[in-house]
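Participant: Got run_38.pdb for you, PDB, C-alpha atoms:
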```pdb
ATOM      1  CA  MET A   1      95.971  95.746 115.058
ATOM      2  CA  ASN A   2      95.971  98.687 112.708
ATOM      3  CA  THR A   3      98.569  97.668 110.173
ATOM      4  CA  GLN A   4      98.517  99.232 106.747
ATOM      5  CA  ASN A   5      97.952  96.769 103.961
ATOM      6  CA  HIS A   6      97.652  97.857 100.367
ATOM      7  CA  ASN A   7      96.601  94.385  99.214
ATOM      8  CA  GLY A   8      93.267  94.737 100.906
ATOM      9  CA  TYR A   9      91.337  92.500 103.270
ATOM     10  CA  MET A  10      89.256  89.439 102.691
ATOM     11  CA  LEU A  11      85.953  88.926 104.508
ATOM     12  CA  LEU A  12      85.089  85.239 104.809
ATOM     13  CA  TYR A  13      81.479  84.605 105.769
ATOM     14  CA  ARG A  14      81.108  81.670 108.120
ATOM     15  CA  SER A  15      77.710  80.263 108.950
ATOM     16  CA  ASP A  16      75.282  77.407 108.756
ATOM     17  CA  GLU A  17      72.094  77.749 106.717
ATOM     18  CA  TRP A  18      70.539  80.202 109.186
ATOM     19  CA  TYR A  19      68.550  81.859 106.406
ATOM     20  CA  ASN A  20      66.315  78.793 106.160
ATOM     21  CA  LYS A  21      64.789  79.838 109.470
ATOM     22  CA  LEU A  22      63.674  83.270 108.277
ATOM     23  CA  SER A  23      60.209  84.093 107.002
ATOM     24  CA  HIS A  24      59.773  85.273 103.442
ATOM     25  CA  ALA A  25      59.293  88.868 104.592
ATOM     26  CA  GLU A  26      62.375  88.805 106.845
ATOM     27  CA  LEU A  27      64.434  87.289 104.062
ATOM     28  CA  GLN A  28      63.239  89.894 101.591
ATOM     29  CA  LYS A  29      64.152  92.684 103.994
ATOM     30  CA  LEU A  30      67.600  91.262 104.626
ATOM     31  CA  MET A  31      68.260  90.775 100.913
ATOM     32  CA  ASN A  32      67.449  94.410 100.220
ATOM     33  CA  GLN A  33      69.658  95.557 103.096
ATOM     34  CA  ASN A  34      72.479  93.373 101.891
ATOM     35  CA  LYS A  35      72.189  94.575  98.320
ATOM     36  CA  ALA A  36      72.224  98.218  99.439
ATOM     37  CA  TRP A  37      75.207  97.518 101.709
ATOM     38  CA  ILE A  38      77.292  95.994  98.926
ATOM     39  CA  GLU A  39      76.256  98.657  96.413
ATOM     40  CA  SER A  40      77.251 101.396  98.814
ATOM     41  CA  LEU A  41      80.669  99.807  99.484
ATOM     42  CA  THR A  42      81.233  99.283  95.757
ATOM     43  CA  ALA A  43      80.237 102.884  94.951
ATOM     44  CA  GLN A  44      82.790 104.094  97.520
ATOM     45  CA  GLY A  45      85.440 101.926  95.870
ATOM     46  CA  LYS A  46      85.809  99.873  99.045
ATOM     47  CA  ALA A  47      84.604  96.473  97.842
ATOM     48  CA  LYS A  48      85.548  94.366  94.850
ATOM     49  CA  PRO A  49      83.064  91.810  93.535
ATOM     50  CA  GLY A  50      82.579  88.970  95.987
ATOM     51  CA  ARG A  51      81.227  85.488  95.410
ATOM     52  CA  ALA A  52      78.888  83.150  97.161
ATOM     53  CA  LEU A  53      79.805  79.482  97.404
ATOM     54  CA  GLU A  54      77.413  76.624  96.987
ATOM     55  CA  ARG A  55      76.794  74.439 100.011
ATOM     56  CA  ARG A  56      78.327  71.376  98.415
ATOM     57  CA  GLY A  57      81.868  70.426  97.560
ATOM     58  CA  ALA A  58      84.719  68.160  98.584
ATOM     59  CA  ILE A  59      87.883  68.080 100.658
ATOM     60  CA  VAL A  60      91.024  66.724  98.996
ATOM     61  CA  SER A  61      93.866  65.577 101.250
ATOM     62  CA  GLY A  62      96.816  63.192 101.543
ATOM     63  CA  SER A  63      99.801  62.628  99.265
ATOM     64  CA  ASN A  64      98.802  63.049  95.614
ATOM     65  CA  GLY A  65      95.335  63.913  96.832
ATOM     66  CA  ARG A  66      94.374  60.303  97.383
ATOM     67  CA  PHE A  67      91.537  61.141  99.800
ATOM     68  CA  VAL A  68      88.534  62.899  98.333
ATOM     69  CA  ILE A  69      85.671  63.324 100.784
ATOM     70  CA  ASP A  70      82.382  64.984  99.914
ATOM     71  CA  GLY A  71      81.963  67.756 102.403
ATOM     72  CA  PRO A  72      78.718  68.330 104.269
ATOM     73  CA  PHE A  73      79.072  72.088 104.438
ATOM     74  CA  ALA A  74      75.434  72.984 104.945
ATOM     75  CA  GLU A  75      75.018  72.197 108.638
ATOM     76  CA  SER A  76      78.404  73.398 109.821
ATOM     77  CA  LYS A  77      78.487  76.745 111.605
ATOM     78  CA  GLU A  78      82.092  77.088 110.488
ATOM     79  CA  ALA A  79      81.461  76.528 106.787
ATOM     80  CA  ILE A  80      82.392  79.344 104.468
ATOM     81  CA  GLY A  81      79.401  80.639 102.552
ATOM     82  CA  GLY A  82      81.096  83.330 100.519
ATOM     83  CA  TYR A  83      83.592  86.132 100.514
ATOM     84  CA  LEU A  84      84.142  89.783  99.733
ATOM     85  CA  VAL A  85      87.476  91.507  99.103
ATOM     86  CA  LEU A  86      87.763  94.976 100.617
ATOM     87  CA  ASP A  87      90.025  97.569  99.071
ATOM     88  CA  VAL A  88      90.778  99.461 102.292
ATOM     89  CA  GLU A  89      94.094 100.277 103.922
ATOM     90  CA  THR A  90      93.729  99.291 107.548
ATOM     91  CA  MET A  91      92.505  96.364 109.621
ATOM     92  CA  ASP A  92      90.369  98.764 111.683
ATOM     93  CA  GLU A  93      88.471  99.961 108.641
ATOM     94  CA  ALA A  94      87.991  96.392 107.405
ATOM     95  CA  ILE A  95      86.600  95.411 110.829
ATOM     96  CA  SER A  96      84.267  98.449 110.912
ATOM     97  CA  ILE A  97      82.886  97.456 107.532
ATOM     98  CA  ALA A  98      82.465  93.817 108.592
ATOM     99  CA  GLN A  99      80.529  95.031 111.640
ATOM    100  CA  THR A 100      77.961  96.751 109.415
ATOM    101  CA  SER A 101      77.112  93.540 107.513
ATOM    102  CA  PRO A 102      73.307  93.148 107.712
ATOM    103  CA  GLY A 103      73.434  89.339 108.006
ATOM    104  CA  LEU A 104      75.315  89.365 111.327
ATOM    105  CA  ALA A 105      72.113  90.152 113.213
ATOM    106  CA  TYR A 106      70.911  86.630 112.366
ATOM    107  CA  GLY A 107      74.006  84.697 113.384
ATOM    108  CA  GLY A 108      77.171  83.497 111.766
ATOM    109  CA  SER A 109      80.467  85.327 111.815
ATOM    110  CA  ILE A 110      82.846  87.098 109.485
ATOM    111  CA  GLU A 111      86.539  86.344 109.374
ATOM    112  CA  VAL A 112      88.623  89.411 108.455
ATOM    113  CA  ARG A 113      92.015  88.551 106.940
ATOM    114  CA  PRO A 114      94.713  90.720 105.375
ATOM    115  CA  VAL A 115      95.566  89.584 101.857
ATOM    116  CA  ALA A 116      99.284  88.770 101.799
ATOM    117  CA  ASP A 117     101.760  90.745  99.762
ATOM    118  CA  GLU A 118     103.624  87.588  98.985
ATOM    119  CA  CYS A 119     103.188  83.976  99.838
ATOM    120  CA  PRO A 120     103.802  83.285 103.567
ATOM    121  CA  LEU A 121     105.843  80.287 102.397
ATOM    122  CA  ASP A 122     108.381  82.675 100.881
ATOM    123  CA  VAL A 123     108.489  84.776 104.022
ATOM    124  CA  ARG A 124     108.991  81.744 106.256
ATOM    125  CA  GLU A 125     111.661  80.398 103.926
ATOM    126  CA  ARG A 126     113.595  83.659 104.211
ATOM    127  CA  GLU A 127     113.295  83.573 108.004
ATOM    128  CA  LEU A 128     114.714  80.061 108.121
ATOM    129  CA  ALA A 129     117.513  80.941 105.703
ATOM    130  CA  ARG A 130     118.416  83.884 107.939
ATOM    131  CA  GLU A 131     118.364  81.692 111.070
ATOM    132  CA  GLU A 132     120.650  79.157 109.395
ATOM    133  CA  GLN A 133     122.964  81.913 108.305
ATOM    134  CA  LEU A 134     123.160  83.257 111.848
ATOM    135  CA  ALA A 135     123.799  79.767 113.206
ATOM    136  CA  THR A 136     126.808  79.312 110.944
ATOM    137  CA  VAL A 137     128.351  82.690 111.842
TER     138      VAL A 137
ATOM    139  CA  MET B   1      79.457  64.685  91.509
ATOM    140  CA  ASN B   2      80.200  65.805  87.964
ATOM    141  CA  THR B   3      77.884  68.734  87.607
ATOM    142  CA  GLN B   4      78.649  71.479  85.147
ATOM    143  CA  ASN B   5      79.143  74.890  86.708
ATOM    144  CA  GLN B   6      79.871  77.884  84.547
ATOM    145  CA  ASN B   7      80.647  80.065  87.562
ATOM    146  CA  GLY B   8      83.785  78.120  88.306
ATOM    147  CA  TYR B   9      85.172  76.604  91.471
ATOM    148  CA  MET B  10      87.060  77.862  94.457
ATOM    149  CA  LEU B  11      89.938  76.000  96.059
ATOM    150  CA  LEU B  12      90.401  76.889  99.729
ATOM    151  CA  PHE B  13      93.754  75.792 101.151
ATOM    152  CA  ARG B  14      93.357  74.710 104.760
ATOM    153  CA  GLY B  15      96.034  74.237 107.378
ATOM    154  CA  ASN B  16      98.688  76.675 108.546
ATOM    155  CA  ASP B  17     100.575  74.461 110.956
ATOM    156  CA  TRP B  18     102.413  72.181 108.537
ATOM    157  CA  LEU B  19     105.082  74.727 107.591
ATOM    158  CA  LYS B  20     106.797  74.800 110.927
ATOM    159  CA  ASN B  21     108.121  71.261 110.601
ATOM    160  CA  LEU B  22     109.809  71.806 107.259
ATOM    161  CA  SER B  23     113.478  72.550 106.688
ATOM    162  CA  SER B  24     114.456  75.648 104.767
ATOM    163  CA  GLU B  25     115.225  73.549 101.691
ATOM    164  CA  GLU B  26     111.908  71.730 101.766
ATOM    165  CA  LYS B  27     110.109  75.016 102.219
ATOM    166  CA  GLN B  28     111.836  76.541  99.229
ATOM    167  CA  LYS B  29     110.951  73.469  97.183
ATOM    168  CA  VAL B  30     107.244  73.602  98.078
ATOM    169  CA  THR B  31     107.119  77.350  97.479
ATOM    170  CA  ASP B  32     108.655  76.980  94.022
ATOM    171  CA  GLN B  33     106.318  74.117  93.163
ATOM    172  CA  TRP B  34     103.285  76.078  94.361
ATOM    173  CA  MET B  35     104.226  79.183  92.362
ATOM    174  CA  ALA B  36     104.938  77.093  89.232
ATOM    175  CA  TRP B  37     101.607  75.325  89.676
ATOM    176  CA  PHE B  38      99.698  78.622  89.875
ATOM    177  CA  ARG B  39     101.595  80.052  86.873
ATOM    178  CA  ARG B  40     100.825  76.981  84.795
ATOM    179  CA  LEU B  41      97.121  77.073  85.688
ATOM    180  CA  THR B  42      97.018  80.797  84.881
ATOM    181  CA  ASN B  43      98.727  80.230  81.512
ATOM    182  CA  GLU B  44      96.261  77.474  80.715
ATOM    183  CA  GLY B  45      93.422  79.869  81.528
ATOM    184  CA  LYS B  46      92.260  77.602  84.358
ATOM    185  CA  ALA B  47      93.081  79.881  87.293
ATOM    186  CA  ILE B  48      91.648  83.385  87.222
ATOM    187  CA  ALA B  49      92.609  84.603  90.680
ATOM    188  CA  GLY B  50      94.515  83.479  93.722
ATOM    189  CA  ASN B  51      95.840  85.017  96.896
ATOM    190  CA  PRO B  52      97.655  83.966 100.002
ATOM    191  CA  LEU B  53      96.247  85.351 103.269
ATOM    192  CA  GLU B  54      98.315  86.619 106.174
ATOM    193  CA  ARG B  55      98.475  84.357 109.245
ATOM    194  CA  GLU B  56      96.580  86.910 111.297
ATOM    195  CA  GLY B  57      93.124  88.388 111.384
ATOM    196  CA  LYS B  58      89.978  88.939 113.426
ATOM    197  CA  ILE B  59      86.524  87.447 113.706
ATOM    198  CA  VAL B  60      83.404  89.603 113.892
ATOM    199  CA  SER B  61      80.311  87.811 115.113
ATOM    200  CA  GLY B  62      76.771  87.976 116.369
ATOM    201  CA  LYS B  63      74.150  90.639 116.918
ATOM    202  CA  ASN B  64      76.544  92.642 119.063
ATOM    203  CA  ARG B  65      79.245  92.465 116.416
ATOM    204  CA  VAL B  66      81.926  91.374 118.839
ATOM    205  CA  VAL B  67      85.501  91.400 117.547
ATOM    206  CA  SER B  68      87.778  88.556 118.642
ATOM    207  CA  ASP B  69      91.158  87.085 117.689
ATOM    208  CA  GLY B  70      91.132  84.075 115.451
ATOM    209  CA  PRO B  71      93.442  81.080 115.734
ATOM    210  CA  PHE B  72      94.975  81.548 112.316
ATOM    211  CA  ALA B  73      98.664  80.936 112.909
ATOM    212  CA  GLU B  74      98.916  77.260 113.766
ATOM    213  CA  SER B  75      95.529  75.833 113.024
ATOM    214  CA  LYS B  76      94.762  72.759 110.938
ATOM    215  CA  GLU B  77      91.496  74.305 109.757
ATOM    216  CA  ALA B  78      92.549  77.883 109.074
ATOM    217  CA  ILE B  79      92.480  79.060 105.509
ATOM    218  CA  GLY B  80      95.884  80.026 104.154
ATOM    219  CA  GLY B  81      94.844  81.105 100.693
ATOM    220  CA  TYR B  82      92.659  80.377  97.690
ATOM    221  CA  PHE B  83      92.532  79.882  93.937
ATOM    222  CA  LEU B  84      89.539  80.748  91.797
ATOM    223  CA  LEU B  85      89.279  78.242  88.931
ATOM    224  CA  ASP B  86      87.583  78.700  85.579
ATOM    225  CA  VAL B  87      86.840  75.061  84.820
ATOM    226  CA  ALA B  88      83.462  73.703  83.818
ATOM    227  CA  ASN B  89      83.005  70.690  86.017
ATOM    228  CA  PHE B  90      83.624  69.427  89.482
ATOM    229  CA  ASP B  91      85.892  66.570  88.389
ATOM    230  CA  ASP B  92      88.277  69.001  86.670
ATOM    231  CA  ALA B  93      88.380  71.113  89.822
ATOM    232  CA  VAL B  94      89.104  68.068  92.013
ATOM    233  CA  ALA B  95      91.794  66.886  89.561
ATOM    234  CA  ILE B  96      93.521  70.275  89.919
ATOM    235  CA  ALA B  97      93.129  70.198  93.712
ATOM    236  CA  ARG B  98      94.923  66.835  93.728
ATOM    237  CA  GLU B  99      97.995  68.506  92.180
ATOM    238  CA  CYS B 100      98.452  70.826  95.175
ATOM    239  CA  PRO B 101     102.118  70.643  96.271
ATOM    240  CA  GLY B 102     101.138  71.077  99.931
ATOM    241  CA  LEU B 103      99.102  67.837 100.089
ATOM    242  CA  PRO B 104     102.024  65.542 101.068
ATOM    243  CA  TYR B 105     102.667  67.852 104.044
ATOM    244  CA  GLY B 106      99.119  67.792 105.381
ATOM    245  CA  VAL B 107      97.425  70.675 103.575
ATOM    246  CA  GLN B 108      93.735  70.034 102.840
ATOM    247  CA  VAL B 109      92.098  71.533  99.778
ATOM    248  CA  GLU B 110      88.415  72.375  99.952
ATOM    249  CA  VAL B 111      86.755  72.400  96.516
ATOM    250  CA  ARG B 112      83.568  74.493  96.295
ATOM    251  CA  PRO B 113      81.352  75.446  93.355
ATOM    252  CA  VAL B 114      80.906  79.203  93.060
ATOM    253  CA  ALA B 115      77.186  80.045  93.230
ATOM    254  CA  ALA B 116      75.393  81.763  90.341
ATOM    255  CA  GLU B 117      73.716  83.994  92.885
ATOM    256  CA  CYS B 118      73.622  84.317  96.611
ATOM    257  CA  PRO B 119      72.052  81.142  98.135
ATOM    258  CA  VAL B 120      69.791  83.435 100.168
ATOM    259  CA  ALA B 121      68.381  84.795  96.887
ATOM    260  CA  SER B 122      67.724  81.261  95.591
ATOM    261  CA  GLU B 123      65.951  80.455  98.831
ATOM    262  CA  LEU B 124      63.787  83.542  98.421
ATOM    263  CA  LYS B 125      62.813  82.580  94.875
ATOM    264  CA  GLN B 126      61.828  79.100  95.986
ATOM    265  CA  LYS B 127      59.639  80.547  98.712
ATOM    266  CA  ALA B 128      58.029  82.976  96.280
ATOM    267  CA  GLN B 129      57.316  80.139  93.855
ATOM    268  CA  PHE B 130      55.812  78.091  96.647
ATOM    269  CA  ALA B 131      53.664  81.015  97.774
ATOM    270  CA  ASN B 132      52.355  81.542  94.241
ATOM    271  CA  ALA B 133      51.634  77.880  93.571
TER     272      ALA B 133
END
```
Just give me the structure of the file as structure tokens.
Facilitator:
Amino acid sequence: MNTQNHNGYMLLYRSDEWYNKLSHAELQKLMNQNKAWIESLTAQGKAKPGRALERRGAIVSGSNGRFVIDGPFAESKEAIGGYLVLDVETMDEAISIAQTSPGLAYGGSIEVRPVADECPLDVRERELAREEQLATV
Amino acid sequence: MNTQNQNGYMLLFRGNDWLKNLSSEEKQKVTDQWMAWFRRLTNEGKAIAGNPLEREGKIVSGKNRVVSDGPFAESKEAIGGYFLLDVANFDDAVAIARECPGLPYGVQVEVRPVAAECPVASELKQKAQFANA
């Protein structure tokens, strides 16, 4: 996949709290690496400010949001711990950048997703409208 | 949980499989509602960013930095987009999440406080404090 995408790519960090297992020295080293990594990407104009998410929160679901469940996000390997938006043109470049993330050596994974030009709902709606149109021809 | 958080909250919209069962009319209706919802929140100064994500992507993982395909298209768990909210407490964020037009169709909204700093940095500070005590 090497599609051009001028909306950029989102890196979603997925992991459990692996950093609790590191020693102070290891953690310090990783923090410095991570800081340098982000600063370098930002200086090259390739990353926009990202955010970390706290390990607490809730899931809202059901009609009118009638179910609100506190989420235990800390232990889950799949939980999203933060994100970074990359201002690069191709999926390949976004993947190459994700591969250089210092934290990967310790576990976890990074989801690389193209930011959509428009809402996929709109796109799907147009597809269906077209199908219906064809069906009536 | 009604903690104040000046860094705001993130809504993660989960579920990409619900769309396929909707008629064209229903889909148009949800789309319009969703757009109007985001516009209103933006006008009220409560939403500061938001983006849909394409139903494709890759996953990079582990020491060897292996690249694999992700199940993004028809997954219940996959993230379809997000809003970044500038509201001061968790209850406000949950109240907004409950307005999501996709909820009746099975969308789940994850509400997460944005961290003041990277949790790894907080961890480091705690360890340093402990070491100095």
Participant: Quick check on the file I pasted: which residues fall under the PyMOL selection byres ((chain B) within 6 of (chain A))? Write them as a ChimeraX atom specification.
Facilitator: /B:24,27,31,52-54,57-63,65,98,103-104,108-115,118
Participant: Of the candidates B:Asn21, B:Phe38, B:Asn51, B:Asn43, which shows the shortest atom-to-atom distance to Val85 (chain A), using only C-alpha atoms?
Facilitator: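 Ranking B:Asn21, B:Phe38, B:Asn51, B:Asn43 by distance to Val85 (chain A), first place goes to B:Asn51.
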Participant: Compare B:Ile79, B:Ala36, B:Leu41, B:Ala73 by their minimum atom-to-atom distance to Arg14 (chain B), counting all atoms listed in the file, and give me the closest one.
Facilitator: B:Ile79
Participant: Have a look at CA of Lys46 (chain A) and CA of Asp16 (chain A) and let me know their distance in Å, one decimal.
Facilitator: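 About the pair CA of Lys46 (chain A) and CA of Asp16 (chain A): they are 26.6 Å apart.
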Participant: Quick one, how far is CA of Leu19 (chain B) from CA of Tyr82 (chain B)?
Facilitator: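 For CA of Leu19 (chain B) relative to CA of Tyr82 (chain B), the distance reads 16.9 Å.
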Participant: Please compute the CA of Lys35 (chain A)-CA of Ile48 (chain B) distance, one decimal, in Å.
Facilitator: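 Going from CA of Lys35 (chain A) over to CA of Ile48 (chain B), I get 25.0 Å.
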Participant: List the residues selected by the PyMOL selection byres ((chain B and resi 93) around 10) in the file shown, writing them as a compact mmCIF listing (two decimals) with C-alpha atoms, in the coordinates of the input.
Facilitator:
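Result file out_25.txt:
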```txt
# COMPACT_ATOMS: atom_id res chain seq x y z
CA ALA A 58 84.72 68.16 98.58
CA ASN B 2 80.20 65.81 87.96
CA GLY B 8 83.78 78.12 88.31
CA TYR B 9 85.17 76.60 91.47
CA MET B 10 87.06 77.86 94.46
CA LEU B 11 89.94 76.00 96.06
CA LYS B 46 92.26 77.60 84.36
CA LEU B 84 89.54 80.75 91.80
CA LEU B 85 89.28 78.24 88.93
CA ASP B 86 87.58 78.70 85.58
CA VAL B 87 86.84 75.06 84.82
CA ALA B 88 83.46 73.70 83.82
CA ASN B 89 83.00 70.69 86.02
CA PHE B 90 83.62 69.43 89.48
CA ASP B 91 85.89 66.57 88.39
CA ASP B 92 88.28 69.00 86.67
CA VAL B 94 89.10 68.07 92.01
CA ALA B 95 91.79 66.89 89.56
CA ILE B 96 93.52 70.28 89.92
CA ALA B 97 93.13 70.20 93.71
CA ARG B 98 94.92 66.83 93.73
CA VAL B 111 86.76 72.40 96.52
CA ARG B 112 83.57 74.49 96.30
CA PRO B 113 81.35 75.45 93.36
```
Participant: Of the candidates B:Glu25, B:Glu56, B:Glu44, B:Asp17, which shows the shortest atom-to-atom distance to Tyr105 (chain B), using all atoms listed in the file?
Facilitator: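 Counting all atoms listed in the file, the residue closest to Tyr105 (chain B) is B:Asp17.
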